[in-house]
Amino acid sequence: MSIRVLFFASLREQLGRPQAEVAWQPEMTASQVWCLATGQTRLPGNVLVACNQEYCRGESLIDDAAEVAFFPPVTGG
Amino acid sequence: MSIRVLFFASLREQLGRPQAEVAWQPEMTASQVWCLATGQTRLPGNVLVACNQEYCRGESLIDDAAEVAFFPPVTGG
Amino acid sequence: MLDIQVCEQGFDPWHELATFQQHPDFAAGKSGANAVFVGTMRDFNEGDTVQAMTLEHYPAMTTRQLQTLVQETVTRFRLDHVLLRHRVGAIRPGDPIVLVAVWSAHRAAGFDACRQIMETLKHNAPFWKRETLSDGSLRWVERNTAG
Amino acid sequence: MLDIQVCEQGFDPWHELATFQQHPDFAAGKSGANAVFVGTMRDFNEGDTVQAMTLEHYPAMTTRQLQTLVQETVTRFRLDHVLLRHRVGAIRPGDPIVLVAVWSAHRAAGFDACRQIMETLKHNAPFWKRETLSDGSLRWVERNTAG
């Protein structure tokens, strides 16, 4: 079972790819998804997180087969 | 020498005419113009007054040859 | 660029806006924000059905008041452009009564300025509405809705 | 009536508004107030000349966020209708980026609701702007102007 990970905008460019996939584990948090997907030790404070297209926090628990997205502050409108 | 007096909207209908003319006198106020133009003893509190197309008050002094308008609260927009 | 008109005939707000923006002095890349308000005649007021309305005004004073209030708002909010239309005469439900459009670099000034023009116009501009109710009777509107 | 679309191609706000109001469910005499905001691309930002821009988004989330924020505003301000358009893709100075239009019985609710939709969209909707400066270099916009 796995998590689909998406990166957007400047974050996508910095990481050099638009998406990744990580294996799901019980009690997994969004921060842990970030670490596994990027190889970094912690989720930067200015990175926003969404789980299944809804905003969530780094501590939020992630269900199996979820879509988790990481992106910089939004600048639409 | 005279003052041109205008009435608008419901006030025009109540008074039965759109305008009047009154003789100018030195130190004349807008309230006095009202009294001479309508035959009433005092300017009602809910009547707005403009002198030469600018809002003024009952106590405002009126110059000769001015245009003085009396009207109810405005309801545009 | 300021364009202020009292209209004896009906106007289409979107046509007025499109035409205004085609003017050579309208620099499209300068203003990031365009706030617009259109007031239209409702078919109800104070609990009654309204079938028609007549808008009376004091022409010489209307022109001066609208010019003054627009100019003050332009200065205060550093607006790039203002377009203002106000109907007078006989109108029907759904007809536009007033159009206020302001262009500014940023949105906060645009929202504030558009609203300020509408509030000042409602309080100061010498227009008066008379409604024709469903039974044909006439009634002067005595006050505006709070803004 | 709610009409929300993310546009891959350019749109004309006045044409969108005129078309929306021709819908049979649009009852012209019901709404006395129509507040509109159009955000267009400026040719300057942070002191630099900007010659083009690309708008990226997160399509699945954008749709959900826009639906949610519009629905909440409709409920809170008892709006009659909302029309919302947001561009994505490659745009030029002067091109419309966002159109928010709300219809309500009275103007206070309309002004407040239009502004709330814009602020919530700016803070929550997953769009990102990348500017092309006059020397051809690319720069991500890092934050929005305060509203």
# chains A, B, ... in the order shown; residues from 1 in each chain; ligands from 1
>>> interface_residues(of="chain D", to="chain C", cutoff="7 Å", atoms="only C-alpha atoms", output="compact mmCIF listing (two decimals) with C-alpha atoms, in the first residue's frame")
# COMPACT_ATOMS: atom_id res chain seq x y z
CA TRP D 14 -17.81 41.46 -19.08
CA ALA D 18 -23.44 39.18 -19.54
CA ALA D 28 -33.07 40.09 -12.53
CA GLY D 29 -35.49 41.79 -10.11
CA LYS D 30 -34.50 39.71 -7.08
CA SER D 31 -30.99 41.00 -6.46
CA GLY D 32 -30.56 44.72 -5.90
CA ALA D 33 -26.79 44.51 -5.50
CA ASN D 34 -24.03 43.05 -7.66
CA ALA D 35 -20.47 43.40 -6.36
CA VAL D 36 -17.68 42.39 -8.75
CA PHE D 37 -13.93 42.14 -8.50
CA VAL D 38 -11.58 41.60 -11.44
CA GLY D 39 -7.90 40.99 -10.79
CA THR D 40 -5.68 41.55 -13.82
CA MET D 41 -2.00 40.99 -14.38
CA ARG D 42 0.07 44.10 -13.69
CA ASP D 43 3.18 44.93 -15.69
CA PRO D 93 0.01 42.11 -18.61
CA GLY D 94 -3.57 43.34 -18.69
CA ARG D 107 -25.28 46.13 -1.01
CA ALA D 108 -23.62 45.60 2.39
CA GLY D 147 -5.64 42.60 1.24
>>> closest_atom_pairs(of="chain B", to="chain C", cutoff="6 Å", atoms="only C-alpha atoms", output="CSV")
residue,atom,partner,partner_atom,distance
B:Gln53,CA,C:Met61,CA,4.5
B:Val74,CA,C:Pro126,CA,5.5
B:Thr75,CA,C:Trp128,CA,4.8
B:Gly76,CA,C:Phe127,CA,4.6
B:Gly77,CA,C:Lys122,CA,5.4
>>> select_by_dssp(residues="range 7-77 of chain B", states="helix (DSSP H, G or I)", output="ChimeraX atom specification")
/B:9-15,30-38
>>> write_last_selection(atoms="C-alpha atoms", output="PDB file, in the first residue's frame")
ATOM      1  CA  ALA B   9     -39.533  65.059  -4.993  1.00  0.00           C
ATOM      2  CA  SER B  10     -42.192  64.629  -2.267  1.00  0.00           C
ATOM      3  CA  LEU B  11     -41.657  68.212  -1.111  1.00  0.00           C
ATOM      4  CA  ARG B  12     -42.408  69.501  -4.606  1.00  0.00           C
ATOM      5  CA  GLU B  13     -45.636  67.490  -4.602  1.00  0.00           C
ATOM      6  CA  GLN B  14     -46.672  68.587  -1.107  1.00  0.00           C
ATOM      7  CA  LEU B  15     -46.125  72.244  -1.961  1.00  0.00           C
ATOM      8  CA  ALA B  30     -31.894  79.726   4.140  1.00  0.00           C
ATOM      9  CA  SER B  31     -34.643  79.270   6.761  1.00  0.00           C
ATOM     10  CA  GLN B  32     -35.993  82.714   5.975  1.00  0.00           C
ATOM     11  CA  VAL B  33     -36.007  81.878   2.277  1.00  0.00           C
ATOM     12  CA  TRP B  34     -38.096  78.779   3.121  1.00  0.00           C
ATOM     13  CA  CYS B  35     -40.588  80.820   5.167  1.00  0.00           C
ATOM     14  CA  LEU B  36     -41.027  83.457   2.483  1.00  0.00           C
ATOM     15  CA  ALA B  37     -41.300  80.869  -0.312  1.00  0.00           C
ATOM     16  CA  THR B  38     -43.794  78.570   1.452  1.00  0.00           C
TER      17      THR B  38
END
>>> select_by_dssp(residues="range 44-124 of chain C", states="strand (DSSP E)", output="PyMOL selection string")
chain C and resi 44-45+48-57+81-87+89-91+96-104
>>> atom_distance(atom1="CA of Ala65 in chain A", atom2="CA of Val49 in chain A")
16.1 Å
>>> residues_around(residues="Phe7 in chain A", least_positions_apart="3", cutoff="6 Å", atoms="only C-alpha atoms", output="MDAnalysis selection string")
chainID A and resid 12 18:19 69:71
>>> residues_around(residues="Glu21 in chain A", least_positions_apart="4", cutoff="8 Å", atoms="only C-alpha atoms", output="number ranges by chain")
A: 2-5, 37
